[in-house]
Amino acid sequence: LEKNIGYIKLNQFSENSHKEMEKTLKDFDNKKIKNVILDLRNNPGGLLNESVYISRLFVPEGPIVHIKYKGGKTESYYSNLKKPKYNLVVLVNENSASASEILAAAIKDTKAGTIIGTPTYGKGTVQNILTLPKGDGMKLTIAEYQSPRGNKINDIGIKPDIVVENNGKKDLQLQKAIDWFKNPGQL
């Protein structure tokens, strides 16, 4: 966006998203860009494993997400990153859901970056689809995502560190992210 600010728009967490993210970050490294804006606005989510892989590029050592199953069993995913490499701002809105919220929650809970925008959708459940004999299907909720600190995501969403509404004419959220890098902590 500017000489020292890199911008990444991630539309969904699909197969190989983490490879594309690694490629982009390598390009930023070659250009000595350390300030990164990760735009997850209108990202409906996608593959859990892709969200975890991408989280490991930004989230310091520790938990990324906990998946709490019915009956009390919990499965957790972790990062081994010793120290975050980038100054990070994550943009979210009411259409950021599921895998987007996993990443945003991990960034927020670990203070690996600043979340800017509006509260996210609040889709923090894991579903399995069962195929029925005549080709129909049934979606069953089997677990719930929780943030690294154990906070519930479903029906709540992620509240940004800095709430900014867009007005339809200008992208005020993106502008706030750019301003954040110019004057960190002053907004």
# chains A, B, ... in the order shown; residues from 1 in each chain; ligands from 1

call {"tool": "closest_atom_pairs", "arguments": {"of": "region 67-169 of chain A", "to": "region 31-43 of chain A", "cutoff": "9 Å", "atoms": "only C-alpha atoms", "output": "tab-separated table"}}
result
residue	atom	partner	partner_atom	distance
A:Lys85	CA	A:Lys34	CA	7.2
A:Tyr86	CA	A:Lys34	CA	4.9
A:Asn87	CA	A:Asn35	CA	4.7
A:Leu88	CA	A:Val36	CA	5.0
A:Val89	CA	A:Ile37	CA	4.8
A:Val90	CA	A:Leu38	CA	4.8
A:Leu91	CA	A:Asp39	CA	4.7
A:Val92	CA	A:Arg41	CA	4.5
A:Asn93	CA	A:Arg41	CA	5.2
A:Glu94	CA	A:Asn42	CA	7.5
A:Asn95	CA	A:Asn42	CA	4.5
A:Ser96	CA	A:Asn43	CA	4.8
A:Ala97	CA	A:Asn43	CA	6.4
A:Ser98	CA	A:Asn43	CA	8.7
A:Ala99	CA	A:Asn43	CA	8.5
A:Ser100	CA	A:Leu40	CA	6.3
A:Glu101	CA	A:Leu40	CA	8.8
A:Ala104	CA	A:Leu40	CA	8.5
A:Gly117	CA	A:Arg41	CA	8.4
A:Thr120	CA	A:Arg41	CA	8.8

call {"tool": "residues_around", "arguments": {"residues": "Gly157 (chain A)", "least_positions_apart": "4", "cutoff": "6 Å", "atoms": "only C-alpha atoms", "output": "list in words"}}
result
Thr120, Tyr121, Gly122 and Ile153 of chain A

call {"tool": "write_last_selection", "arguments": {"atoms": "C-alpha atoms", "output": "PDB file, in the first residue's frame"}}
result
ATOM      1  CA  THR A 120     -17.424 -10.692  13.421  1.00  0.00           C
ATOM      2  CA  TYR A 121     -20.271 -13.057  12.526  1.00  0.00           C
ATOM      3  CA  GLY A 122     -19.986 -15.509  15.427  1.00  0.00           C
ATOM      4  CA  ILE A 153     -16.751 -17.613  19.493  1.00  0.00           C
TER       5      ILE A 153
END

call {"tool": "residues_around", "arguments": {"residues": "Val164 (chain A)", "least_positions_apart": "6", "cutoff": "8 Å", "atoms": "only C-alpha atoms", "output": "list in words"}}
result
Ile116, Gly117, Thr118, Leu172, Gln173 and Lys176 of chain A

call {"tool": "atom_distance", "arguments": {"atom1": "CA of Arg56 (chain A)", "atom2": "CA of Asn80 (chain A)"}}
result
7.1 Å

call {"tool": "select_by_dssp", "arguments": {"residues": "chain A", "states": "strand (DSSP E or B)", "output": "PyMOL selection string"}}
result
chain A and resi 2+5-9+13+35-39+46+60+62-69+74-79+81+87-92+114-117+125-131+137-146+152+162-163

call {"tool": "residues_around", "arguments": {"residues": "region 138-141 of chain A", "least_positions_apart": "3", "cutoff": "9 Å", "atoms": "only C-alpha atoms", "output": "JSON, numbers by chain"}}
result
{"A": [125, 126, 127, 128, 129, 130, 131, 132, 144]}

call {"tool": "write_last_selection", "arguments": {"atoms": "all heavy atoms", "output": "compact mmCIF listing (two decimals), in the first residue's frame"}}
result
# COMPACT_ATOMS: atom_id res chain seq x y z
N THR A 125 -18.67 -23.10 15.29
CA THR A 125 -19.02 -24.51 15.47
C THR A 125 -18.41 -25.37 14.37
O THR A 125 -18.09 -24.89 13.29
CB THR A 125 -20.55 -24.73 15.46
OG1 THR A 125 -21.10 -24.23 14.24
CG2 THR A 125 -21.22 -24.04 16.63
N VAL A 126 -18.26 -26.65 14.69
CA VAL A 126 -17.75 -27.65 13.75
C VAL A 126 -18.92 -28.54 13.35
O VAL A 126 -19.64 -29.03 14.23
CB VAL A 126 -16.65 -28.52 14.41
CG1 VAL A 126 -16.11 -29.54 13.42
CG2 VAL A 126 -15.55 -27.66 14.98
N GLN A 127 -19.11 -28.72 12.05
CA GLN A 127 -20.20 -29.56 11.59
C GLN A 127 -19.70 -30.74 10.77
O GLN A 127 -18.68 -30.63 10.09
CB GLN A 127 -21.19 -28.77 10.72
CG GLN A 127 -22.19 -27.97 11.48
CD GLN A 127 -21.89 -26.51 11.47
OE1 GLN A 127 -21.20 -26.01 10.60
NE2 GLN A 127 -22.37 -25.80 12.46
N ASN A 128 -20.43 -31.84 10.85
CA ASN A 128 -20.25 -33.00 9.98
C ASN A 128 -21.52 -33.12 9.15
O ASN A 128 -22.62 -32.89 9.66
CB ASN A 128 -20.05 -34.29 10.77
CG ASN A 128 -18.60 -34.59 11.04
OD1 ASN A 128 -17.72 -33.88 10.58
ND2 ASN A 128 -18.35 -35.63 11.79
N ILE A 129 -21.36 -33.49 7.89
CA ILE A 129 -22.53 -33.72 7.04
C ILE A 129 -22.70 -35.22 6.87
O ILE A 129 -21.78 -35.92 6.44
CB ILE A 129 -22.38 -33.02 5.68
CG1 ILE A 129 -22.28 -31.51 5.88
CG2 ILE A 129 -23.54 -33.39 4.76
CD1 ILE A 129 -22.03 -30.71 4.64
N LEU A 130 -23.86 -35.69 7.24
CA LEU A 130 -24.21 -37.10 7.08
C LEU A 130 -25.03 -37.25 5.81
O LEU A 130 -26.01 -36.53 5.61
CB LEU A 130 -25.02 -37.62 8.26
CG LEU A 130 -24.34 -37.55 9.62
CD1 LEU A 130 -25.31 -38.03 10.70
CD2 LEU A 130 -23.09 -38.41 9.64
N THR A 131 -24.65 -38.17 4.95
CA THR A 131 -25.40 -38.43 3.72
C THR A 131 -26.49 -39.46 4.04
O THR A 131 -26.21 -40.51 4.62
CB THR A 131 -24.48 -38.97 2.61
OG1 THR A 131 -23.41 -38.02 2.43
CG2 THR A 131 -25.22 -39.15 1.31
N LEU A 132 -27.71 -39.14 3.66
CA LEU A 132 -28.84 -40.02 3.88
C LEU A 132 -29.08 -40.89 2.65
O LEU A 132 -28.62 -40.57 1.55
CB LEU A 132 -30.07 -39.19 4.24
CG LEU A 132 -29.90 -38.34 5.51
CD1 LEU A 132 -31.10 -37.44 5.72
CD2 LEU A 132 -29.69 -39.23 6.73
N GLU A 144 -17.37 -27.14 19.20
CA GLU A 144 -17.37 -25.69 19.21
C GLU A 144 -15.93 -25.18 19.30
O GLU A 144 -15.11 -25.74 20.03
CB GLU A 144 -18.17 -25.23 20.43
CG GLU A 144 -18.32 -23.76 20.58
CD GLU A 144 -19.23 -23.41 21.75
OE1 GLU A 144 -18.76 -23.46 22.90
OE2 GLU A 144 -20.40 -23.08 21.49

call {"tool": "residues_around", "arguments": {"residues": "Thr74 (chain A)", "least_positions_apart": "5", "cutoff": "10 Å", "atoms": "only C-alpha atoms", "output": "ChimeraX atom specification"}}
result
/A:66-69,143-146

call {"tool": "write_last_selection", "arguments": {"atoms": "all heavy atoms", "output": "CSV table (one decimal), in the first residue's frame"}}
result
chain,number,residue,atom,x,y,z
A,66,HIS,N,-8.9,-24.0,20.4
A,66,HIS,CA,-9.3,-25.2,21.1
A,66,HIS,C,-10.7,-25.7,20.5
A,66,HIS,O,-11.5,-24.8,20.3
A,66,HIS,CB,-9.5,-25.0,22.6
A,66,HIS,CG,-8.3,-24.4,23.3
A,66,HIS,ND1,-7.2,-25.1,23.5
A,66,HIS,CD2,-8.1,-23.1,23.8
A,66,HIS,CE1,-6.3,-24.3,24.1
A,66,HIS,NE2,-6.8,-23.1,24.3
A,67,ILE,N,-10.8,-27.0,20.3
A,67,ILE,CA,-12.1,-27.5,19.8
A,67,ILE,C,-12.7,-28.3,20.9
A,67,ILE,O,-12.1,-29.4,21.2
A,67,ILE,CB,-11.9,-28.3,18.5
A,67,ILE,CG1,-11.2,-27.4,17.4
A,67,ILE,CG2,-13.2,-28.8,18.0
A,67,ILE,CD1,-10.8,-28.1,16.2
A,68,LYS,N,-13.8,-27.9,21.4
A,68,LYS,CA,-14.4,-28.6,22.5
A,68,LYS,C,-15.6,-29.4,22.0
A,68,LYS,O,-16.6,-28.9,21.4
A,68,LYS,CB,-15.0,-27.6,23.5
A,68,LYS,CG,-15.5,-28.2,24.8
A,68,LYS,CD,-15.8,-27.1,25.8
A,68,LYS,CE,-16.3,-27.8,27.1
A,68,LYS,NZ,-16.6,-26.8,28.1
A,69,TYR,N,-15.5,-30.8,22.1
A,69,TYR,CA,-16.5,-31.7,21.7
A,69,TYR,C,-17.5,-32.0,22.7
A,69,TYR,O,-17.2,-31.8,23.9
A,69,TYR,CB,-15.8,-33.0,21.2
A,69,TYR,CG,-15.0,-32.9,20.0
A,69,TYR,CD1,-13.6,-32.6,20.1
A,69,TYR,CD2,-15.5,-33.1,18.7
A,69,TYR,CE1,-12.8,-32.4,19.0
A,69,TYR,CE2,-14.7,-32.9,17.6
A,69,TYR,CZ,-13.4,-32.6,17.7
A,69,TYR,OH,-12.6,-32.5,16.6
A,143,ALA,N,-19.0,-30.0,17.6
A,143,ALA,CA,-18.0,-29.3,18.4
A,143,ALA,C,-18.1,-27.8,18.3
A,143,ALA,O,-18.8,-27.3,17.5
A,143,ALA,CB,-16.6,-29.8,18.1
A,144,GLU,N,-17.4,-27.1,19.2
A,144,GLU,CA,-17.4,-25.7,19.2
A,144,GLU,C,-15.9,-25.2,19.3
A,144,GLU,O,-15.1,-25.7,20.0
A,144,GLU,CB,-18.2,-25.2,20.4
A,144,GLU,CG,-18.3,-23.8,20.6
A,144,GLU,CD,-19.2,-23.4,21.7
A,144,GLU,OE1,-18.8,-23.5,22.9
A,144,GLU,OE2,-20.4,-23.1,21.5
A,145,TYR,N,-15.6,-24.1,18.5
A,145,TYR,CA,-14.3,-23.5,18.6
A,145,TYR,C,-14.2,-22.6,19.8
A,145,TYR,O,-15.2,-21.9,20.2
A,145,TYR,CB,-14.0,-22.6,17.4
A,145,TYR,CG,-14.0,-23.4,16.1
A,145,TYR,CD1,-14.8,-23.0,15.0
A,145,TYR,CD2,-13.1,-24.4,15.8
A,145,TYR,CE1,-14.8,-23.6,13.8
A,145,TYR,CE2,-13.1,-25.1,14.6
A,145,TYR,CZ,-13.9,-24.7,13.6
A,145,TYR,OH,-13.9,-25.3,12.4
A,146,GLN,N,-13.0,-22.5,20.4
A,146,GLN,CA,-12.8,-21.6,21.5
A,146,GLN,C,-11.4,-20.9,21.2
A,146,GLN,O,-10.5,-21.5,20.6
A,146,GLN,CB,-12.7,-22.3,22.9
A,146,GLN,CG,-14.1,-22.8,23.3
A,146,GLN,CD,-14.0,-23.5,24.6
A,146,GLN,OE1,-13.0,-23.9,25.1
A,146,GLN,NE2,-15.2,-23.6,25.3

call {"tool": "atom_distance", "arguments": {"atom1": "CA of Lys152 (chain A)", "atom2": "CA of Ile8 (chain A)"}}
result
26.8 Å

call {"tool": "select_by_dssp", "arguments": {"residues": "region 2-54 of chain A", "states": "alpha helix (DSSP H)", "output": "VMD selection string"}}
result
chain A and resid 17 to 30 48 to 54

call {"tool": "atom_distance", "arguments": {"atom1": "CA of Asn4 (chain A)", "atom2": "CA of Lys26 (chain A)"}}
result
14.5 Å

call {"tool": "residues_around", "arguments": {"residues": "Ala105 (chain A)", "least_positions_apart": "5", "cutoff": "8 Å", "atoms": "only C-alpha atoms", "output": "list in words"}}
result
Ser147, Pro148 and Ile158 of chain A

call {"tool": "write_last_selection", "arguments": {"atoms": "N, CA and C atoms", "output": "JSON list (two decimals), in the first residue's frame"}}
result
[["chain", "number", "residue", "atom", "x", "y", "z"],
["A", 147, "SER", "N", -11.31, -19.67, 21.61],
["A", 147, "SER", "CA", -10.07, -18.92, 21.40],
["A", 147, "SER", "C", -8.96, -19.50, 22.26],
["A", 148, "PRO", "N", -7.71, -19.05, 22.06],
["A", 148, "PRO", "CA", -6.60, -19.54, 22.88],
["A", 148, "PRO", "C", -6.84, -19.40, 24.39],
["A", 158, "ILE", "N", -15.93, -11.98, 17.36],
["A", 158, "ILE", "CA", -14.72, -11.35, 17.87],
["A", 158, "ILE", "C", -14.93, -9.84, 17.82]]

call {"tool": "closest_residue", "arguments": {"among": "A:Asn183, A:Ser76, A:Asn166, A:Gln175", "to": "Arg149 (chain A)", "atoms": "only C-alpha atoms"}}
result
A:Ser76

call {"tool": "closest_residue", "arguments": {"among": "A:Val65, A:Ile162, A:Val52, A:Ile115", "to": "Gly150 (chain A)", "atoms": "only C-alpha atoms"}}
result
A:Val65

call {"tool": "closest_residue", "arguments": {"among": "A:Gly6, A:Gly72, A:Pro119, A:Gly46", "to": "Val163 (chain A)", "atoms": "only C-alpha atoms"}}
result
A:Pro119

call {"tool": "decode", "arguments": {"residues": "region 170-185 of chain A", "atoms": "all heavy atoms", "output": "PDB file, in the first residue's frame"}}
result
ATOM      1  N   LYS A 170     -15.950   5.635   1.602  1.00  0.00           N
ATOM      2  CA  LYS A 170     -14.520   5.442   1.793  1.00  0.00           C
ATOM      3  C   LYS A 170     -14.297   4.212   2.661  1.00  0.00           C
ATOM      4  O   LYS A 170     -15.137   3.874   3.492  1.00  0.00           O
ATOM      5  CB  LYS A 170     -13.901   6.659   2.499  1.00  0.00           C
ATOM      6  CG  LYS A 170     -13.765   7.884   1.623  1.00  0.00           C
ATOM      7  CD  LYS A 170     -13.109   9.005   2.387  1.00  0.00           C
ATOM      8  CE  LYS A 170     -11.608   8.780   2.405  1.00  0.00           C
ATOM      9  NZ  LYS A 170     -10.863   9.903   2.993  1.00  0.00           N
ATOM     10  N   ASP A 171     -13.165   3.562   2.465  1.00  0.00           N
ATOM     11  CA  ASP A 171     -12.810   2.417   3.289  1.00  0.00           C
ATOM     12  C   ASP A 171     -12.115   2.938   4.549  1.00  0.00           C
ATOM     13  O   ASP A 171     -10.889   3.016   4.615  1.00  0.00           O
ATOM     14  CB  ASP A 171     -11.909   1.452   2.511  1.00  0.00           C
ATOM     15  CG  ASP A 171     -11.729   0.127   3.214  1.00  0.00           C
ATOM     16  OD1 ASP A 171     -11.990   0.057   4.440  1.00  0.00           O
ATOM     17  OD2 ASP A 171     -11.310  -0.834   2.543  1.00  0.00           O
ATOM     18  N   LEU A 172     -12.934   3.307   5.534  1.00  0.00           N
ATOM     19  CA  LEU A 172     -12.418   3.894   6.762  1.00  0.00           C
ATOM     20  C   LEU A 172     -11.637   2.884   7.589  1.00  0.00           C
ATOM     21  O   LEU A 172     -10.709   3.256   8.313  1.00  0.00           O
ATOM     22  CB  LEU A 172     -13.573   4.477   7.588  1.00  0.00           C
ATOM     23  CG  LEU A 172     -14.392   5.568   6.890  1.00  0.00           C
ATOM     24  CD1 LEU A 172     -15.570   5.986   7.762  1.00  0.00           C
ATOM     25  CD2 LEU A 172     -13.520   6.764   6.543  1.00  0.00           C
ATOM     26  N   GLN A 173     -12.002   1.604   7.490  1.00  0.00           N
ATOM     27  CA  GLN A 173     -11.292   0.564   8.230  1.00  0.00           C
ATOM     28  C   GLN A 173      -9.868   0.414   7.720  1.00  0.00           C
ATOM     29  O   GLN A 173      -8.918   0.359   8.499  1.00  0.00           O
ATOM     30  CB  GLN A 173     -12.060  -0.758   8.134  1.00  0.00           C
ATOM     31  CG  GLN A 173     -13.409  -0.678   8.814  1.00  0.00           C
ATOM     32  CD  GLN A 173     -14.357  -1.790   8.419  1.00  0.00           C
ATOM     33  OE1 GLN A 173     -14.190  -2.451   7.395  1.00  0.00           O
ATOM     34  NE2 GLN A 173     -15.391  -1.989   9.228  1.00  0.00           N
ATOM     35  N   LEU A 174      -9.709   0.353   6.408  1.00  0.00           N
ATOM     36  CA  LEU A 174      -8.366   0.255   5.826  1.00  0.00           C
ATOM     37  C   LEU A 174      -7.556   1.505   6.149  1.00  0.00           C
ATOM     38  O   LEU A 174      -6.375   1.412   6.495  1.00  0.00           O
ATOM     39  CB  LEU A 174      -8.451   0.031   4.308  1.00  0.00           C
ATOM     40  CG  LEU A 174      -7.115  -0.064   3.580  1.00  0.00           C
ATOM     41  CD1 LEU A 174      -6.263  -1.207   4.127  1.00  0.00           C
ATOM     42  CD2 LEU A 174      -7.350  -0.242   2.079  1.00  0.00           C
ATOM     43  N   GLN A 175      -8.184   2.667   6.073  1.00  0.00           N
ATOM     44  CA  GLN A 175      -7.472   3.901   6.386  1.00  0.00           C
ATOM     45  C   GLN A 175      -7.009   3.914   7.839  1.00  0.00           C
ATOM     46  O   GLN A 175      -5.900   4.332   8.156  1.00  0.00           O
ATOM     47  CB  GLN A 175      -8.335   5.136   6.098  1.00  0.00           C
ATOM     48  CG  GLN A 175      -7.575   6.441   6.238  1.00  0.00           C
ATOM     49  CD  GLN A 175      -6.341   6.509   5.337  1.00  0.00           C
ATOM     50  OE1 GLN A 175      -6.423   6.314   4.130  1.00  0.00           O
ATOM     51  NE2 GLN A 175      -5.177   6.770   5.932  1.00  0.00           N
ATOM     52  N   LYS A 176      -7.843   3.393   8.752  1.00  0.00           N
ATOM     53  CA  LYS A 176      -7.470   3.323  10.165  1.00  0.00           C
ATOM     54  C   LYS A 176      -6.265   2.400  10.352  1.00  0.00           C
ATOM     55  O   LYS A 176      -5.367   2.689  11.142  1.00  0.00           O
ATOM     56  CB  LYS A 176      -8.654   2.841  10.992  1.00  0.00           C
ATOM     57  CG  LYS A 176      -8.410   2.806  12.477  1.00  0.00           C
ATOM     58  CD  LYS A 176      -8.213   4.175  13.093  1.00  0.00           C
ATOM     59  CE  LYS A 176      -9.536   4.812  13.385  1.00  0.00           C
ATOM     60  NZ  LYS A 176      -9.456   6.063  14.117  1.00  0.00           N
ATOM     61  N   ALA A 177      -6.223   1.294   9.584  1.00  0.00           N
ATOM     62  CA  ALA A 177      -5.084   0.368   9.665  1.00  0.00           C
ATOM     63  C   ALA A 177      -3.801   1.055   9.201  1.00  0.00           C
ATOM     64  O   ALA A 177      -2.747   0.920   9.834  1.00  0.00           O
ATOM     65  CB  ALA A 177      -5.361  -0.883   8.837  1.00  0.00           C
ATOM     66  N   ILE A 178      -3.878   1.787   8.113  1.00  0.00           N
ATOM     67  CA  ILE A 178      -2.712   2.519   7.601  1.00  0.00           C
ATOM     68  C   ILE A 178      -2.262   3.555   8.637  1.00  0.00           C
ATOM     69  O   ILE A 178      -1.072   3.668   8.949  1.00  0.00           O
ATOM     70  CB  ILE A 178      -3.027   3.178   6.246  1.00  0.00           C
ATOM     71  CG1 ILE A 178      -3.249   2.099   5.178  1.00  0.00           C
ATOM     72  CG2 ILE A 178      -1.917   4.150   5.829  1.00  0.00           C
ATOM     73  CD1 ILE A 178      -3.856   2.609   3.884  1.00  0.00           C
ATOM     74  N   ASP A 179      -3.226   4.285   9.195  1.00  0.00           N
ATOM     75  CA  ASP A 179      -2.909   5.288  10.214  1.00  0.00           C
ATOM     76  C   ASP A 179      -2.280   4.648  11.452  1.00  0.00           C
ATOM     77  O   ASP A 179      -1.411   5.248  12.096  1.00  0.00           O
ATOM     78  CB  ASP A 179      -4.170   6.061  10.625  1.00  0.00           C
ATOM     79  CG  ASP A 179      -4.709   6.938   9.505  1.00  0.00           C
ATOM     80  OD1 ASP A 179      -3.984   7.192   8.515  1.00  0.00           O
ATOM     81  OD2 ASP A 179      -5.887   7.349   9.612  1.00  0.00           O
ATOM     82  N   TRP A 180      -2.713   3.434  11.772  1.00  0.00           N
ATOM     83  CA  TRP A 180      -2.170   2.714  12.937  1.00  0.00           C
ATOM     84  C   TRP A 180      -0.657   2.525  12.799  1.00  0.00           C
ATOM     85  O   TRP A 180       0.088   2.681  13.760  1.00  0.00           O
ATOM     86  CB  TRP A 180      -2.869   1.371  13.080  1.00  0.00           C
ATOM     87  CG  TRP A 180      -2.340   0.538  14.203  1.00  0.00           C
ATOM     88  CD1 TRP A 180      -1.517  -0.536  14.121  1.00  0.00           C
ATOM     89  CD2 TRP A 180      -2.587   0.717  15.594  1.00  0.00           C
ATOM     90  NE1 TRP A 180      -1.241  -1.041  15.364  1.00  0.00           N
ATOM     91  CE2 TRP A 180      -1.882  -0.288  16.288  1.00  0.00           C
ATOM     92  CE3 TRP A 180      -3.333   1.636  16.332  1.00  0.00           C
ATOM     93  CZ2 TRP A 180      -1.902  -0.404  17.675  1.00  0.00           C
ATOM     94  CZ3 TRP A 180      -3.354   1.521  17.712  1.00  0.00           C
ATOM     95  CH2 TRP A 180      -2.648   0.504  18.356  1.00  0.00           C
ATOM     96  N   PHE A 181      -0.221   2.195  11.589  1.00  0.00           N
ATOM     97  CA  PHE A 181       1.215   2.003  11.376  1.00  0.00           C
ATOM     98  C   PHE A 181       1.987   3.309  11.392  1.00  0.00           C
ATOM     99  O   PHE A 181       3.152   3.349  11.734  1.00  0.00           O
ATOM    100  CB  PHE A 181       1.471   1.239  10.077  1.00  0.00           C
ATOM    101  CG  PHE A 181       1.136  -0.216  10.176  1.00  0.00           C
ATOM    102  CD1 PHE A 181       0.242  -0.783   9.291  1.00  0.00           C
ATOM    103  CD2 PHE A 181       1.700  -1.025  11.139  1.00  0.00           C
ATOM    104  CE1 PHE A 181      -0.082  -2.130   9.385  1.00  0.00           C
ATOM    105  CE2 PHE A 181       1.391  -2.370  11.247  1.00  0.00           C
ATOM    106  CZ  PHE A 181       0.502  -2.914  10.362  1.00  0.00           C
ATOM    107  N   LYS A 182       1.332   4.380  11.016  1.00  0.00           N
ATOM    108  CA  LYS A 182       1.995   5.684  11.036  1.00  0.00           C
ATOM    109  C   LYS A 182       2.142   6.208  12.460  1.00  0.00           C
ATOM    110  O   LYS A 182       3.104   6.911  12.782  1.00  0.00           O
ATOM    111  CB  LYS A 182       1.225   6.689  10.175  1.00  0.00           C
ATOM    112  CG  LYS A 182       1.307   6.360   8.690  1.00  0.00           C
ATOM    113  CD  LYS A 182       0.518   7.351   7.869  1.00  0.00           C
ATOM    114  CE  LYS A 182       0.614   7.010   6.397  1.00  0.00           C
ATOM    115  NZ  LYS A 182      -0.224   7.913   5.584  1.00  0.00           N
ATOM    116  N   ASN A 183       1.165   5.900  13.315  1.00  0.00           N
ATOM    117  CA  ASN A 183       1.169   6.352  14.710  1.00  0.00           C
ATOM    118  C   ASN A 183       0.723   5.227  15.628  1.00  0.00           C
ATOM    119  O   ASN A 183      -0.382   5.270  16.172  1.00  0.00           O
ATOM    120  CB  ASN A 183       0.217   7.555  14.885  1.00  0.00           C
ATOM    121  CG  ASN A 183       0.604   8.724  14.042  1.00  0.00           C
ATOM    122  OD1 ASN A 183       1.691   9.253  14.190  1.00  0.00           O
ATOM    123  ND2 ASN A 183      -0.296   9.138  13.158  1.00  0.00           N
ATOM    124  N   PRO A 184       1.538   4.202  15.806  1.00  0.00           N
ATOM    125  CA  PRO A 184       1.126   3.028  16.605  1.00  0.00           C
ATOM    126  C   PRO A 184       0.651   3.407  18.002  1.00  0.00           C
ATOM    127  O   PRO A 184       1.299   4.184  18.696  1.00  0.00           O
ATOM    128  CB  PRO A 184       2.381   2.167  16.692  1.00  0.00           C
ATOM    129  CG  PRO A 184       3.272   2.669  15.620  1.00  0.00           C
ATOM    130  CD  PRO A 184       2.902   4.101  15.367  1.00  0.00           C
ATOM    131  N   GLY A 185      -0.514   2.883  18.350  1.00  0.00           N
ATOM    132  CA  GLY A 185      -1.054   3.107  19.682  1.00  0.00           C
ATOM    133  C   GLY A 185      -1.632   4.487  19.935  1.00  0.00           C
ATOM    134  O   GLY A 185      -2.078   4.774  21.023  1.00  0.00           O
TER     135      GLY A 185
END
